[in-house]
Structure formats: C-alpha cells, structure tokens
file query_8.cif (mmCIF, C-alpha atoms)
data_query
#
loop_
_atom_site.group_PDB
_atom_site.id
_atom_site.type_symbol
_atom_site.label_atom_id
_atom_site.label_comp_id
_atom_site.auth_asym_id
_atom_site.auth_seq_id
_atom_site.Cartn_x
_atom_site.Cartn_y
_atom_site.Cartn_z
ATOM 1 C CA MET A 1 125.225 73.027 219.506
ATOM 2 C CA THR A 2 122.513 72.770 222.134
ATOM 3 C CA GLY A 3 123.731 73.648 225.592
ATOM 4 C CA THR A 4 127.285 74.353 224.498
ATOM 5 C CA SER A 5 127.423 77.620 226.433
ATOM 6 C CA GLN A 6 126.401 75.874 229.632
ATOM 7 C CA ARG A 7 129.055 73.195 229.099
ATOM 8 C CA LEU A 8 131.748 75.768 228.411
ATOM 9 C CA GLY A 9 130.511 77.657 231.455
ATOM 10 C CA ARG A 10 130.976 74.544 233.586
ATOM 11 C CA ALA A 11 134.425 74.063 232.084
ATOM 12 C CA PHE A 12 135.232 77.674 232.973
ATOM 13 C CA ALA A 13 133.998 77.157 236.514
ATOM 14 C CA SER A 14 136.079 73.998 236.809
ATOM 15 C CA SER A 15 139.171 75.790 235.521
ATOM 16 C CA ALA A 16 138.614 78.598 238.012
ATOM 17 C CA HIS A 17 138.351 76.051 240.803
ATOM 18 C CA LEU A 18 141.674 74.511 239.763
ATOM 19 C CA SER A 19 143.526 77.791 239.448
ATOM 20 C CA ARG A 20 146.127 78.884 241.954
ATOM 21 C CA ASN A 21 144.497 82.262 242.527
ATOM 22 C CA PRO A 22 140.785 82.267 241.711
ATOM 23 C CA ALA A 23 138.972 85.563 241.312
ATOM 24 C CA PRO A 24 136.034 85.635 243.747
ATOM 25 C CA CYS A 25 133.411 88.343 243.729
ATOM 26 C CA GLY A 26 133.347 90.940 246.442
ATOM 27 C CA ALA A 27 130.740 91.331 249.161
ATOM 28 C CA GLY A 28 127.162 90.903 247.963
ATOM 29 C CA GLY A 29 128.260 89.120 244.800
ATOM 30 C CA GLN A 30 129.586 92.311 243.215
ATOM 31 C CA LEU A 31 132.644 92.332 240.982
ATOM 32 C CA LYS A 32 135.933 93.225 242.635
ATOM 33 C CA PRO A 33 137.319 96.657 241.724
ATOM 34 C CA GLU A 34 140.517 95.228 240.246
ATOM 35 C CA TYR A 35 141.366 92.263 238.021
ATOM 36 C CA ASP A 36 144.436 91.153 236.135
ATOM 37 C CA ALA A 37 142.418 90.601 232.948
ATOM 38 C CA VAL A 38 138.951 91.478 231.696
ATOM 39 C CA ILE A 39 137.192 89.588 228.899
ATOM 40 C CA ILE A 40 134.531 91.638 227.110
ATOM 41 C CA GLY A 41 131.827 89.262 225.946
ATOM 42 C CA ALA A 42 130.943 85.820 227.317
ATOM 43 C CA GLY A 43 130.701 84.132 223.947
ATOM 44 C CA HIS A 44 132.317 80.738 223.430
ATOM 45 C CA ASN A 45 135.617 82.371 222.491
ATOM 46 C CA GLY A 46 135.490 84.651 225.533
ATOM 47 C CA LEU A 47 134.767 81.755 227.875
ATOM 48 C CA ILE A 48 137.637 79.710 226.455
ATOM 49 C CA ALA A 49 140.046 82.633 226.771
ATOM 50 C CA ALA A 50 138.908 83.220 230.353
ATOM 51 C CA ALA A 51 139.297 79.562 231.235
ATOM 52 C CA TYR A 52 142.908 79.511 230.027
ATOM 53 C CA LEU A 53 143.735 82.750 231.843
ATOM 54 C CA GLN A 54 142.161 81.523 235.058
ATOM 55 C CA LYS A 55 144.061 78.226 234.876
ATOM 56 C CA LEU A 56 147.261 80.279 234.775
ATOM 57 C CA GLY A 57 146.259 81.938 238.042
ATOM 58 C CA ILE A 58 145.293 85.250 236.431
ATOM 59 C CA ASN A 59 142.369 86.952 238.168
ATOM 60 C CA THR A 60 139.872 87.235 235.324
ATOM 61 C CA ALA A 61 136.470 88.898 234.994
ATOM 62 C CA VAL A 62 134.082 88.116 232.131
ATOM 63 C CA LEU A 63 131.529 90.797 231.204
ATOM 64 C CA GLU A 64 128.405 90.020 229.167
ATOM 65 C CA ARG A 65 125.491 92.371 228.496
ATOM 66 C CA ARG A 66 123.002 89.639 227.490
ATOM 67 C CA HIS A 67 121.065 87.379 229.843
ATOM 68 C CA LEU A 68 122.648 84.333 228.130
ATOM 69 C CA ILE A 69 126.285 83.364 227.831
ATOM 70 C CA GLY A 70 127.802 81.457 224.947
ATOM 71 C CA GLY A 71 127.391 83.929 222.075
ATOM 72 C CA ALA A 72 127.004 82.187 218.731
ATOM 73 C CA ALA A 73 127.014 78.771 220.410
ATOM 74 C CA VAL A 74 123.651 79.396 222.093
ATOM 75 C CA THR A 75 120.463 77.615 221.075
ATOM 76 C CA GLU A 76 117.747 80.117 221.877
ATOM 77 C CA GLU A 77 113.947 80.137 221.797
ATOM 78 C CA LEU A 78 113.399 83.175 219.565
ATOM 79 C CA ILE A 79 109.763 82.298 218.830
ATOM 80 C CA PRO A 80 107.686 80.584 221.539
ATOM 81 C CA GLY A 81 108.064 76.856 221.013
ATOM 82 C CA PHE A 82 110.788 77.178 218.363
ATOM 83 C CA LYS A 83 114.505 77.038 219.159
ATOM 84 C CA PHE A 84 117.176 78.318 216.813
ATOM 85 C CA SER A 85 120.947 77.922 216.687
ATOM 86 C CA ARG A 86 122.978 81.112 216.801
ATOM 87 C CA ALA A 87 124.919 79.487 213.925
ATOM 88 C CA SER A 88 128.200 78.430 215.522
ATOM 89 C CA TYR A 89 128.330 75.269 213.443
ATOM 90 C CA LEU A 90 132.007 75.292 212.437
ATOM 91 C CA LEU A 91 133.111 72.655 214.921
ATOM 92 C CA SER A 92 136.226 72.048 212.873
ATOM 93 C CA LEU A 93 137.509 75.233 214.527
ATOM 94 C CA LEU A 94 137.036 73.783 218.014
ATOM 95 C CA ARG A 95 140.636 72.695 218.269
ATOM 96 C CA PRO A 96 141.337 69.233 219.790
ATOM 97 C CA GLN A 97 143.783 70.816 222.238
ATOM 98 C CA ILE A 98 141.045 73.073 223.632
ATOM 99 C CA TYR A 99 138.712 70.080 223.899
ATOM 100 C CA LYS A 100 141.407 68.260 225.879
ATOM 101 C CA ASP A 101 142.660 71.151 228.025
ATOM 102 C CA LEU A 102 139.216 72.199 229.233
ATOM 103 C CA GLU A 103 137.994 68.599 229.639
ATOM 104 C CA LEU A 104 134.859 69.361 227.642
ATOM 105 C CA LYS A 105 133.880 65.691 227.378
ATOM 106 C CA LYS A 106 134.026 65.397 231.156
ATOM 107 C CA HIS A 107 131.729 68.404 231.437
ATOM 108 C CA GLY A 108 129.135 66.880 229.112
ATOM 109 C CA LEU A 109 129.928 68.118 225.619
ATOM 110 C CA LYS A 110 128.541 65.765 222.975
ATOM 111 C CA VAL A 111 128.961 66.307 219.246
ATOM 112 C CA TYR A 112 126.267 65.085 216.873
ATOM 113 C CA LEU A 113 127.138 64.928 213.177
ATOM 114 C CA ARG A 114 124.419 66.241 210.889
ATOM 115 C CA ASN A 115 123.346 63.998 208.034
ATOM 116 C CA PRO A 116 122.080 65.524 205.841
ATOM 117 C CA TYR A 117 124.144 68.582 206.692
ATOM 118 C CA SER A 118 122.628 71.173 204.348
ATOM 119 C CA PHE A 119 119.133 71.953 203.049
ATOM 120 C CA THR A 120 118.488 74.795 200.614
ATOM 121 C CA PRO A 121 114.893 75.402 199.472
ATOM 122 C CA ILE A 122 114.483 77.105 196.097
ATOM 123 C CA LEU A 123 111.931 79.896 195.602
ATOM 124 C CA GLU A 124 110.418 78.894 192.270
ATOM 125 C CA GLU A 125 107.102 77.828 190.749
ATOM 126 C CA GLY A 126 108.224 74.323 189.878
ATOM 127 C CA ILE A 127 108.918 72.740 186.488
ATOM 128 C CA GLN A 128 106.379 70.807 184.376
ATOM 129 C CA GLY A 129 103.915 70.563 187.231
ATOM 130 C CA LYS A 130 106.523 69.268 189.666
ATOM 131 C CA PRO A 131 106.935 70.850 193.099
ATOM 132 C CA PRO A 132 109.685 73.460 193.637
ATOM 133 C CA ARG A 133 113.162 71.977 193.865
ATOM 134 C CA SER A 134 115.474 71.981 196.857
ATOM 135 C CA LEU A 135 119.093 71.004 197.420
ATOM 136 C CA LEU A 136 119.782 68.434 200.134
ATOM 137 C CA LEU A 137 123.449 67.587 200.778
ATOM 138 C CA GLY A 138 124.577 64.697 202.967
ATOM 139 C CA MET A 139 127.150 61.970 203.524
ATOM 140 C CA ASP A 140 125.834 59.705 200.748
ATOM 141 C CA MET A 141 127.816 60.719 197.648
ATOM 142 C CA ALA A 142 125.434 59.117 195.136
ATOM 143 C CA GLU A 143 122.396 60.804 196.669
ATOM 144 C CA THR A 144 124.219 64.142 196.850
ATOM 145 C CA GLN A 145 125.135 63.879 193.161
ATOM 146 C CA LYS A 146 121.505 63.119 192.373
ATOM 147 C CA GLN A 147 120.477 66.276 194.217
ATOM 148 C CA ILE A 148 123.040 68.420 192.388
ATOM 149 C CA ALA A 149 122.040 66.923 189.022
ATOM 150 C CA GLN A 150 118.641 68.633 189.341
ATOM 151 C CA PHE A 151 120.468 71.864 188.578
ATOM 152 C CA SER A 152 123.603 70.796 186.711
ATOM 153 C CA PRO A 153 124.535 67.239 185.624
ATOM 154 C CA LYS A 154 128.035 68.520 184.853
ATOM 155 C CA ASP A 155 128.494 69.801 188.415
ATOM 156 C CA ALA A 156 127.092 66.561 189.810
ATOM 157 C CA GLN A 157 129.671 64.562 187.876
ATOM 158 C CA ALA A 158 132.482 66.854 189.063
ATOM 159 C CA PHE A 159 131.404 66.862 192.719
ATOM 160 C CA PRO A 160 133.522 63.871 193.901
ATOM 161 C CA LYS A 161 136.608 65.531 192.398
ATOM 162 C CA TYR A 162 135.653 68.768 194.112
ATOM 163 C CA GLU A 163 135.323 66.967 197.480
ATOM 164 C CA MET A 164 138.751 65.350 197.128
ATOM 165 C CA PHE A 165 140.270 68.690 196.107
ATOM 166 C CA MET A 166 138.823 70.579 199.092
ATOM 167 C CA ASN A 167 139.579 67.798 201.584
ATOM 168 C CA ARG A 168 143.215 67.968 200.536
ATOM 169 C CA LEU A 169 143.217 71.712 201.116
ATOM 170 C CA ALA A 170 141.648 71.237 204.552
ATOM 171 C CA SER A 171 144.260 68.633 205.537
ATOM 172 C CA ALA A 172 147.007 71.113 204.619
ATOM 173 C CA ILE A 173 145.524 74.123 206.388
ATOM 174 C CA ASP A 174 144.225 72.424 209.541
ATOM 175 C CA PRO A 175 147.642 72.054 211.282
ATOM 176 C CA LEU A 176 148.379 75.741 210.605
ATOM 177 C CA LEU A 177 145.530 76.718 212.928
ATOM 178 C CA ASP A 178 147.559 75.427 215.879
ATOM 179 C CA SER A 179 150.864 76.959 214.762
ATOM 180 C CA SER A 180 152.350 80.319 215.642
ATOM 181 C CA PRO A 181 152.541 82.780 212.736
ATOM 182 C CA VAL A 182 155.910 83.064 211.056
ATOM 183 C CA ASP A 183 157.914 86.016 212.419
ATOM 184 C CA THR A 184 159.296 87.455 209.196
ATOM 185 C CA THR A 185 161.142 90.283 210.976
ATOM 186 C CA ALA A 186 163.250 87.730 212.853
ATOM 187 C CA PHE A 187 164.956 86.780 209.578
ATOM 188 C CA GLN A 188 166.164 90.340 209.028
ATOM 189 C CA HIS A 189 166.992 91.954 212.348
ATOM 190 C CA SER A 190 167.937 89.170 214.755
ATOM 191 C CA SER A 191 170.883 87.129 215.945
ATOM 192 C CA LEU A 192 171.806 83.852 214.270
ATOM 193 C CA ARG A 193 170.169 81.877 217.078
ATOM 194 C CA GLN A 194 166.924 83.829 216.737
ATOM 195 C CA ARG A 195 166.990 83.340 212.985
ATOM 196 C CA LEU A 196 167.380 79.589 213.396
ATOM 197 C CA ARG A 197 164.503 79.537 215.886
ATOM 198 C CA ALA A 198 162.351 81.494 213.461
ATOM 199 C CA PHE A 199 163.317 79.109 210.662
ATOM 200 C CA PHE A 200 161.707 76.203 212.539
ATOM 201 C CA THR A 201 158.400 78.096 212.607
ATOM 202 C CA LEU A 202 158.336 77.586 208.837
ATOM 203 C CA LYS A 203 157.982 73.813 209.265
ATOM 204 C CA PRO A 204 154.134 73.669 209.354
ATOM 205 C CA LEU A 205 153.990 75.967 206.327
ATOM 206 C CA LEU A 206 156.439 73.792 204.393
ATOM 207 C CA GLN A 207 154.486 70.660 205.340
ATOM 208 C CA ALA A 208 151.304 72.277 204.033
ATOM 209 C CA GLY A 209 153.098 73.020 200.759
ATOM 210 C CA LEU A 210 154.198 69.390 200.459
ATOM 211 C CA ILE A 211 150.609 68.193 200.952
ATOM 212 C CA LEU A 212 149.332 70.488 198.197
ATOM 213 C CA GLY A 213 152.242 69.582 195.925
ATOM 214 C CA SER A 214 152.053 70.466 192.255
ATOM 215 C CA GLN A 215 148.470 71.691 192.650
ATOM 216 C CA LEU A 216 149.604 74.600 194.820
ATOM 217 C CA PRO A 217 148.812 77.199 192.084
ATOM 218 C CA GLN A 218 145.252 75.879 191.813
ATOM 219 C CA TYR A 219 144.795 76.045 195.579
ATOM 220 C CA TYR A 220 146.141 79.587 195.600
ATOM 221 C CA GLN A 221 143.536 80.446 192.971
ATOM 222 C CA VAL A 222 140.778 78.938 195.103
ATOM 223 C CA ILE A 223 141.796 80.990 198.146
ATOM 224 C CA THR A 224 142.396 84.317 196.415
ATOM 225 C CA GLY A 225 140.526 84.294 193.093
ATOM 226 C CA PRO A 226 136.931 85.287 192.191
ATOM 227 C CA ILE A 227 134.312 82.549 192.379
ATOM 228 C CA THR A 228 133.976 82.360 188.568
ATOM 229 C CA LYS A 229 137.627 81.331 188.198
ATOM 230 C CA VAL A 230 137.392 78.988 191.176
ATOM 231 C CA GLY A 231 134.528 77.100 189.545
ATOM 232 C CA ALA A 232 136.456 76.761 186.299
ATOM 233 C CA THR A 233 139.538 75.551 188.173
ATOM 234 C CA LEU A 234 137.669 72.791 189.986
ATOM 235 C CA ILE A 235 135.401 71.556 187.211
ATOM 236 C CA ARG A 236 137.884 71.190 184.361
#
call {"tool": "encode", "arguments": {"input": "query_8.cif", "output": "structure tokens"}}
result
Amino acid sequence: MTGTSQRLGRAFASSAHLSRNPAPCGAGGQLKPEYDAVIIGAGHNGLIAAAYLQKLGINTAVLERRHLIGGAAVTEELIPGFKFSRASYLLSLLRPQIYKDLELKKHGLKVYLRNPYSFTPILEEGIQGKPPRSLLLGMDMAETQKQIAQFSPKDAQAFPKYEMFMNRLASAIDPLLDSSPVDTTAFQHSSLRQRLRAFFTLKPLLQAGLILGSQLPQYYQVITGPITKVGATLIR
C-alpha cells in the first residue's frame, strides 16, 4: 500500500484539526508534559486509534522510534533502487467504517487490486528438461486451476468448491469484526434489563450461524482443526 502511512498521517492531522481540544506541542516543538492518552507506535493501527481519540477531543500523543510512520503499511526502499512492502496487505481488515470516519478517500487513499495476487516460485531442478515450476494465482478461475494442476489435478478440480466454501465463511465472519464481543457474564450476574441488552449482542453471532447453516461443523473443523483434516474436509 504505497504511501498509506502518509495518507493516514494526513487523516490524523485532519482529525486533530477538527477536534474540540487539539494537542499542540510545547515551545520549540517539544511534546507537552501531560496528555490524556499516549499511543505507543505510529503504525497504521496506532494512527487510526489516535485519530479517533483526537476527534473525541482527547489530547493525544503518538510516539514512534523509527524515522517513518505507518508500521506495516509502509513501502520502504530497503535496497537502493528497490522498494518493498512491509506486508500490510490484508485490506479486508480496513473496516469500511474507518474508511468513512477518517475520510481516507478525501485524503488520497487509492486501493489497487492485485491480479495476479500471489506468485510462489518453486526451488527445484525442473522436470523432463522443463524450467522449474511456479504457482501463479489470480482472478481467472480457469487459469488458476491450470496453475494448480501442475502439482495436483485433484486439487485443481476441487479449487472452485474450495473458493465457494471459504467465501461463505468470510461472509459470515466479516460482520463480526464490527460487533462488540458477547458479554457472557451479563447472562449470569445482571438484572433482567441487562440480560436482555446482552441477548441482543448475540444477533451477529446468530446471523453468522444462519449463513453457515448445516455446514457449521465443517467450518468449525476448518477454524480449529489441523491442516491435514482441513484439506480432507474441503476436497471430499
């Protein structure tokens, strides 16, 4: 995500500007001696947390030991002339509400989908005079199956089923990321009103169960079981 840290930094600066009680530095640009909150680490998560705190009017300081901010979202020139991602590629975890609240589009964030999205070279001598194989996965299902078939025709045939299976799991889990955890203690040691309120926190969990339906045991196996059993579950 090239430049993501700078964009989040601009979003943080914008949020600080909008806050009711911004936290300016002291004389000479030094940090003030007291703050309401301190964020250790100016990675993308730290910047987002600081932006939300500052929007609430909470005097917030962000401390970072490196010369760059953004953490895993940084694209950095590690070798002269060659830039590398710090590997924050899981954009599915950048929640839409964060994107909206911090106005990331307004501050220049652009998302580019990778296609192909995965390349795995294989360290081997090659087979029958052919060059070493590699695995290239992308959006084209037929081409992806062709790539997988180099190693296992059976897996290549099962791959569309695997994709449908995992997409269903993702659609069930995704809403849970924006939901508060269920307070199990509220069902035991609370008033009737508090118990009813806690009961409604079960709604996203119940909806996830409805999406998974009768395949819930298989999904449980995928999440908790060893990889050998997971493979058998998905292929058969």
call {"tool": "resolve_selection", "arguments": {"input": "query_8.cif", "expression": "the PyMOL selection byres ((chain A and resi 85) around 7)", "output": "PyMOL selection string"}}
result
chain A and resi 74-76+83-84+86-87
call {"tool": "closest_residue", "arguments": {"input": "query_8.cif", "among": "A:Pro217, A:Pro204, A:Pro132, A:Pro121", "to": "Pro181 of chain A", "atoms": "only C-alpha atoms"}}
result
A:Pro204
call {"tool": "closest_residue", "arguments": {"input": "query_8.cif", "among": "A:Gln97, A:Glu163, A:Met139, A:Lys130", "to": "Leu113 of chain A", "atoms": "all atoms listed in the file"}}
result
A:Met139
call {"tool": "resolve_selection", "arguments": {"input": "query_8.cif", "expression": "the PyMOL selection byres ((chain A and resi 41) around 12)", "output": "MDAnalysis selection string"}}
result
chainID A and resid 38:40 42:50 61:72
call {"tool": "resolve_selection", "arguments": {"input": "query_8.cif", "expression": "the PyMOL selection byres ((chain A and resi 208) around 9)", "output": "PyMOL selection string"}}
result
chain A and resi 169+171-176+203-207+209-213
call {"tool": "atom_distance", "arguments": {"input": "query_8.cif", "atom1": "atom CA of Thr228 of chain A", "atom2": "atom CA of Asp155 of chain A"}}
result
13.7 Å
call {"tool": "atom_distance", "arguments": {"input": "query_8.cif", "atom1": "atom CA of Glu143 of chain A", "atom2": "atom CA of Lys229 of chain A"}}
result
26.9 Å
call {"tool": "atom_distance", "arguments": {"input": "query_8.cif", "atom1": "atom CA of Thr120 of chain A", "atom2": "atom CA of Leu135 of chain A"}}
result
5.0 Å
call {"tool": "closest_residue", "arguments": {"input": "query_8.cif", "among": "A:Met166, A:Pro131, A:Gln157, A:Pro96", "to": "Gln215 of chain A", "atoms": "all atoms listed in the file"}}
result
A:Met166
call {"tool": "residues_around", "arguments": {"input": "query_8.cif", "residues": "Phe119 of chain A", "least_positions_apart": "5", "cutoff": "9 Å", "atoms": "only C-alpha atoms", "output": "VMD selection string"}}
result
chain A and resid 134 to 137
call {"tool": "decode", "arguments": {"input": "query_8.cif", "residues": "segment 114-147 of chain A", "atoms": "N, CA and C atoms", "output": "mmCIF file, in the first residue's frame"}}
result
data_model
loop_
_atom_site.group_PDB
_atom_site.id
_atom_site.type_symbol
_atom_site.label_atom_id
_atom_site.label_comp_id
_atom_site.auth_asym_id
_atom_site.auth_seq_id
_atom_site.Cartn_x
_atom_site.Cartn_y
_atom_site.Cartn_z
ATOM 1 N N ARG A 114 -4.761 -6.492 -6.790
ATOM 2 C CA ARG A 114 -3.677 -7.218 -7.438
ATOM 3 C C ARG A 114 -4.242 -8.379 -8.253
ATOM 4 N N ASN A 115 -3.829 -8.457 -9.496
ATOM 5 C CA ASN A 115 -4.220 -9.584 -10.343
ATOM 6 C C ASN A 115 -3.102 -9.844 -11.354
ATOM 7 N N PRO A 116 -2.350 -10.921 -11.167
ATOM 8 C CA PRO A 116 -2.490 -11.975 -10.163
ATOM 9 C C PRO A 116 -2.144 -11.477 -8.758
ATOM 10 N N TYR A 117 -2.655 -12.201 -7.755
ATOM 11 C CA TYR A 117 -2.474 -11.758 -6.382
ATOM 12 C C TYR A 117 -1.446 -12.580 -5.612
ATOM 13 N N SER A 118 -0.930 -13.652 -6.214
ATOM 14 C CA SER A 118 0.034 -14.482 -5.496
ATOM 15 C C SER A 118 0.975 -15.160 -6.486
ATOM 16 N N PHE A 119 2.277 -15.100 -6.187
ATOM 17 C CA PHE A 119 3.279 -15.789 -7.004
ATOM 18 C C PHE A 119 4.225 -16.538 -6.076
ATOM 19 N N THR A 120 4.331 -17.844 -6.279
ATOM 20 C CA THR A 120 5.194 -18.675 -5.448
ATOM 21 C C THR A 120 6.177 -19.430 -6.330
ATOM 22 N N PRO A 121 7.444 -19.032 -6.359
ATOM 23 C CA PRO A 121 8.439 -19.792 -7.125
ATOM 24 C C PRO A 121 8.804 -21.076 -6.381
ATOM 25 N N ILE A 122 9.127 -22.113 -7.115
ATOM 26 C CA ILE A 122 9.465 -23.405 -6.528
ATOM 27 C C ILE A 122 10.955 -23.681 -6.732
ATOM 28 N N LEU A 123 11.658 -24.010 -5.661
ATOM 29 C CA LEU A 123 13.084 -24.315 -5.737
ATOM 30 C C LEU A 123 13.246 -25.781 -6.136
ATOM 31 N N GLU A 124 13.400 -26.010 -7.437
ATOM 32 C CA GLU A 124 13.551 -27.361 -7.951
ATOM 33 C C GLU A 124 14.359 -27.314 -9.243
ATOM 34 N N GLU A 125 14.775 -28.466 -9.716
ATOM 35 C CA GLU A 125 15.620 -28.557 -10.906
ATOM 36 C C GLU A 125 14.808 -28.525 -12.203
ATOM 37 N N GLY A 126 13.496 -28.700 -12.090
ATOM 38 C CA GLY A 126 12.703 -28.815 -13.298
ATOM 39 C C GLY A 126 12.424 -30.276 -13.611
ATOM 40 N N ILE A 127 11.425 -30.517 -14.456
ATOM 41 C CA ILE A 127 11.008 -31.883 -14.779
ATOM 42 C C ILE A 127 11.094 -32.090 -16.281
ATOM 43 N N GLN A 128 11.783 -33.163 -16.691
ATOM 44 C CA GLN A 128 11.911 -33.529 -18.114
ATOM 45 C C GLN A 128 12.405 -32.346 -18.950
ATOM 46 N N GLY A 129 13.435 -31.691 -18.437
ATOM 47 C CA GLY A 129 14.041 -30.600 -19.191
ATOM 48 C C GLY A 129 13.277 -29.291 -19.148
ATOM 49 N N LYS A 130 12.129 -29.283 -18.494
ATOM 50 C CA LYS A 130 11.337 -28.056 -18.402
ATOM 51 C C LYS A 130 11.900 -27.165 -17.294
ATOM 52 N N PRO A 131 11.633 -25.870 -17.364
ATOM 53 C CA PRO A 131 12.113 -24.980 -16.305
ATOM 54 C C PRO A 131 11.392 -25.253 -14.986
ATOM 55 N N PRO A 132 11.955 -24.821 -13.862
ATOM 56 C CA PRO A 132 11.289 -25.011 -12.565
ATOM 57 C C PRO A 132 9.880 -24.420 -12.577
ATOM 58 N N ARG A 133 8.990 -25.077 -11.856
ATOM 59 C CA ARG A 133 7.595 -24.630 -11.821
ATOM 60 C C ARG A 133 7.410 -23.477 -10.835
ATOM 61 N N SER A 134 6.303 -22.790 -10.988
ATOM 62 C CA SER A 134 5.890 -21.763 -10.040
ATOM 63 C C SER A 134 4.366 -21.787 -9.974
ATOM 64 N N LEU A 135 3.835 -21.180 -8.935
ATOM 65 C CA LEU A 135 2.379 -21.149 -8.749
ATOM 66 C C LEU A 135 1.912 -19.699 -8.805
ATOM 67 N N LEU A 136 1.096 -19.398 -9.800
ATOM 68 C CA LEU A 136 0.599 -18.038 -10.012
ATOM 69 C C LEU A 136 -0.923 -18.052 -9.873
ATOM 70 N N LEU A 137 -1.437 -17.378 -8.840
ATOM 71 C CA LEU A 137 -2.875 -17.369 -8.574
ATOM 72 C C LEU A 137 -3.445 -15.998 -8.890
ATOM 73 N N GLY A 138 -4.606 -15.994 -9.577
ATOM 74 C CA GLY A 138 -5.237 -14.731 -9.946
ATOM 75 C C GLY A 138 -6.742 -14.845 -9.995
ATOM 76 N N MET A 139 -7.377 -13.848 -10.622
ATOM 77 C CA MET A 139 -8.833 -13.773 -10.661
ATOM 78 C C MET A 139 -9.450 -14.733 -11.677
ATOM 79 N N ASP A 140 -8.678 -15.153 -12.666
ATOM 80 C CA ASP A 140 -9.180 -16.050 -13.705
ATOM 81 C C ASP A 140 -9.197 -17.480 -13.159
ATOM 82 N N MET A 141 -10.382 -18.030 -12.923
ATOM 83 C CA MET A 141 -10.506 -19.344 -12.305
ATOM 84 C C MET A 141 -9.876 -20.437 -13.167
ATOM 85 N N ALA A 142 -10.114 -20.405 -14.472
ATOM 86 C CA ALA A 142 -9.581 -21.448 -15.350
ATOM 87 C C ALA A 142 -8.057 -21.426 -15.345
ATOM 88 N N GLU A 143 -7.466 -20.258 -15.389
ATOM 89 C CA GLU A 143 -6.012 -20.148 -15.388
ATOM 90 C C GLU A 143 -5.436 -20.575 -14.035
ATOM 91 N N THR A 144 -6.139 -20.226 -12.956
ATOM 92 C CA THR A 144 -5.692 -20.632 -11.625
ATOM 93 C C THR A 144 -5.729 -22.149 -11.493
ATOM 94 N N GLN A 145 -6.794 -22.775 -11.999
ATOM 95 C CA GLN A 145 -6.871 -24.240 -11.955
ATOM 96 C C GLN A 145 -5.744 -24.874 -12.771
ATOM 97 N N LYS A 146 -5.420 -24.257 -13.877
ATOM 98 C CA LYS A 146 -4.318 -24.761 -14.711
ATOM 99 C C LYS A 146 -3.008 -24.712 -13.939
ATOM 100 N N GLN A 147 -2.814 -23.629 -13.188
ATOM 101 C CA GLN A 147 -1.598 -23.487 -12.388
ATOM 102 C C GLN A 147 -1.537 -24.556 -11.294
#
